[in-house]
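What follows is a short report on a single structure.
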Amino acid sequence: MLLESLYFVSALTIPMNDLLNTLAREQLKADLPEIRPGDTVRVSVRVVEGNRERLQNFEGTVLRVRNGGVDKQITVRRIASGVGVERTFMVHSPRVEKIELVRHGHARRAVIDPRPSINLCLRQRHAQADGFAPRG
């Protein structure tokens with residue numbers, strides 16, 4: 001009886017915030033590249049069709065990056081058959097298999113507006129010997 005009451009008290013003394021932060025840290029993926037608006041990425045997404053599951057690649061330009069931590073989202077836009085297609089991905093979702101950085105782009109805005117009336121030049125960042133140029 002006394003042992004059960006001690007266990008109950010110790011469970012209540014753990015702050016709920018610490019418990020949620022611990023669970024959130026377990027869900028984070030460690031092998032993600034640093035992504036910014038203007039970058040070209042290839043996102044491999046698990047797609048379920050009936051009883052089969054396959055990987056589908058979605059390659060395009062990152063329009064915006066939202067939130068941080070477990071809730072981090074990226075919006076990627078590509079042109080498919082002459083039509084612009086935008087998809088928003090939860091970066092740490094189990095449906096997202098991997099995110100590959102194809103090339104760094106240099107955008108002068110935090111959110112890129114895809115309308116053709118706004119002329120936006122996405123310059124490629126110059127690569128260094130080890131691959132990509134540093135941010136900054």
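Labeling convention for the structure tokens: chains A, B, ... as they appear, residues from 1 per chain, ligands from 1 in order of appearance.
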Which residues of stretch 6-61 of chain A come within 12 Å of stretch 75-91 of chain A, and what is each one's closest atom pair and distance in Å (one decimal), counting only C-alpha atoms, sorted by chain and residue number, as a tab-separated table?
residue	atom	partner	partner_atom	distance
A:Gln27	CA	A:Val91	CA	10.7
A:Leu28	CA	A:Val91	CA	8.9
A:Lys29	CA	A:Val91	CA	8.3
A:Ala30	CA	A:Val91	CA	11.0
A:Asp31	CA	A:Val91	CA	11.1
A:Leu32	CA	A:Val91	CA	8.6
A:Pro33	CA	A:Val91	CA	10.7
A:Glu34	CA	A:Val91	CA	11.4
A:Ile35	CA	A:Val91	CA	10.4
A:Arg36	CA	A:Thr75	CA	10.5
A:Pro37	CA	A:Thr75	CA	8.9
A:Gly38	CA	A:Val76	CA	9.7
A:Asp39	CA	A:Val76	CA	9.4
A:Thr40	CA	A:Val76	CA	8.5
A:Val41	CA	A:Val76	CA	8.0
A:Arg42	CA	A:Val76	CA	9.2
A:Val43	CA	A:Phe89	CA	8.7
A:Ser44	CA	A:Phe89	CA	10.4
A:Val45	CA	A:Phe89	CA	9.0
A:Arg46	CA	A:Phe89	CA	11.7
A:Asn57	CA	A:Arg78	CA	11.5
A:Phe58	CA	A:Arg78	CA	8.0
A:Glu59	CA	A:Arg78	CA	6.7
A:Gly60	CA	A:Arg78	CA	4.5
A:Thr61	CA	A:Arg77	CA	5.3
Could the residues in this selection be written to a file with C-alpha atoms, as a compact mmCIF listing (two decimals), in the first residue's frame?
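Below is the file again_29.txt, written as the result:
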# COMPACT_ATOMS: atom_id res chain seq x y z
CA GLN A 27 10.37 11.89 -32.65
CA LEU A 28 12.94 14.24 -34.22
CA LYS A 29 14.96 13.03 -37.20
CA ALA A 30 18.69 13.65 -36.93
CA ASP A 31 19.81 13.26 -40.55
CA LEU A 32 18.06 16.30 -42.04
CA PRO A 33 19.92 18.97 -44.00
CA GLU A 34 19.50 22.66 -43.21
CA ILE A 35 16.69 23.86 -45.46
CA ARG A 36 15.85 27.47 -46.37
CA PRO A 37 13.50 29.11 -48.86
CA GLY A 38 14.99 29.03 -52.35
CA ASP A 39 16.65 25.63 -51.93
CA THR A 40 15.80 22.81 -54.31
CA VAL A 41 14.98 19.61 -52.44
CA ARG A 42 13.89 16.07 -53.23
CA VAL A 43 11.42 14.69 -50.68
CA SER A 44 10.79 10.93 -50.60
CA VAL A 45 7.28 10.28 -49.31
CA ARG A 46 5.67 6.96 -48.43
CA ASN A 57 9.82 11.56 -54.94
CA PHE A 58 8.67 15.17 -54.99
CA GLU A 59 11.38 17.54 -56.22
CA GLY A 60 10.91 21.29 -56.21
CA THR A 61 11.78 24.66 -54.73
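For the choices A:Gly105, A:Pro94, A:Gly69, A:Pro15, the atom-to-atom distance to A:Val47 is smallest for A:Pro94 when using only C-alpha atoms.
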Handout entry: Shell of 9 Å around A:Val111, only C-alpha atoms, local chain residues under 2 positions omitted, as JSON, numbers by chain
Key = {"A": [37, 38, 62, 63, 64, 65, 107, 108, 109, 113]}
Got time to write the residues from that selection, C-alpha atoms, as a PDB file, in the first residue's frame?
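Below you can see part-v9.pdb, which holds the result:
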ATOM      1  CA  PRO A  37      13.501  29.109 -48.863  1.00  0.00           C
ATOM      2  CA  GLY A  38      14.991  29.026 -52.347  1.00  0.00           C
ATOM      3  CA  VAL A  62      11.191  25.372 -51.037  1.00  0.00           C
ATOM      4  CA  LEU A  63       8.774  28.294 -50.749  1.00  0.00           C
ATOM      5  CA  ARG A  64       8.657  28.559 -46.968  1.00  0.00           C
ATOM      6  CA  VAL A  65       9.752  26.922 -43.750  1.00  0.00           C
ATOM      7  CA  ALA A 107      16.305  33.985 -51.856  1.00  0.00           C
ATOM      8  CA  ARG A 108      16.029  37.491 -50.466  1.00  0.00           C
ATOM      9  CA  ARG A 109      12.759  36.771 -48.697  1.00  0.00           C
ATOM     10  CA  ASP A 113       5.663  34.254 -53.655  1.00  0.00           C
TER      11      ASP A 113
END
Practice task
Please run DSSP on the backbone and report, as number ranges by chain, all residues within stretch 23-118 of chain A that come out as strand (DSSP E).
Solution key: A: 40-49, 52-66, 73-80, 83-90, 96-103, 105-106
Exercise for the section: Kindly give the distance, in Å, that separates atom CA of A:Ile99 and atom CA of A:Glu53, rounded to a single decimal. Expected result: 18.2 Å
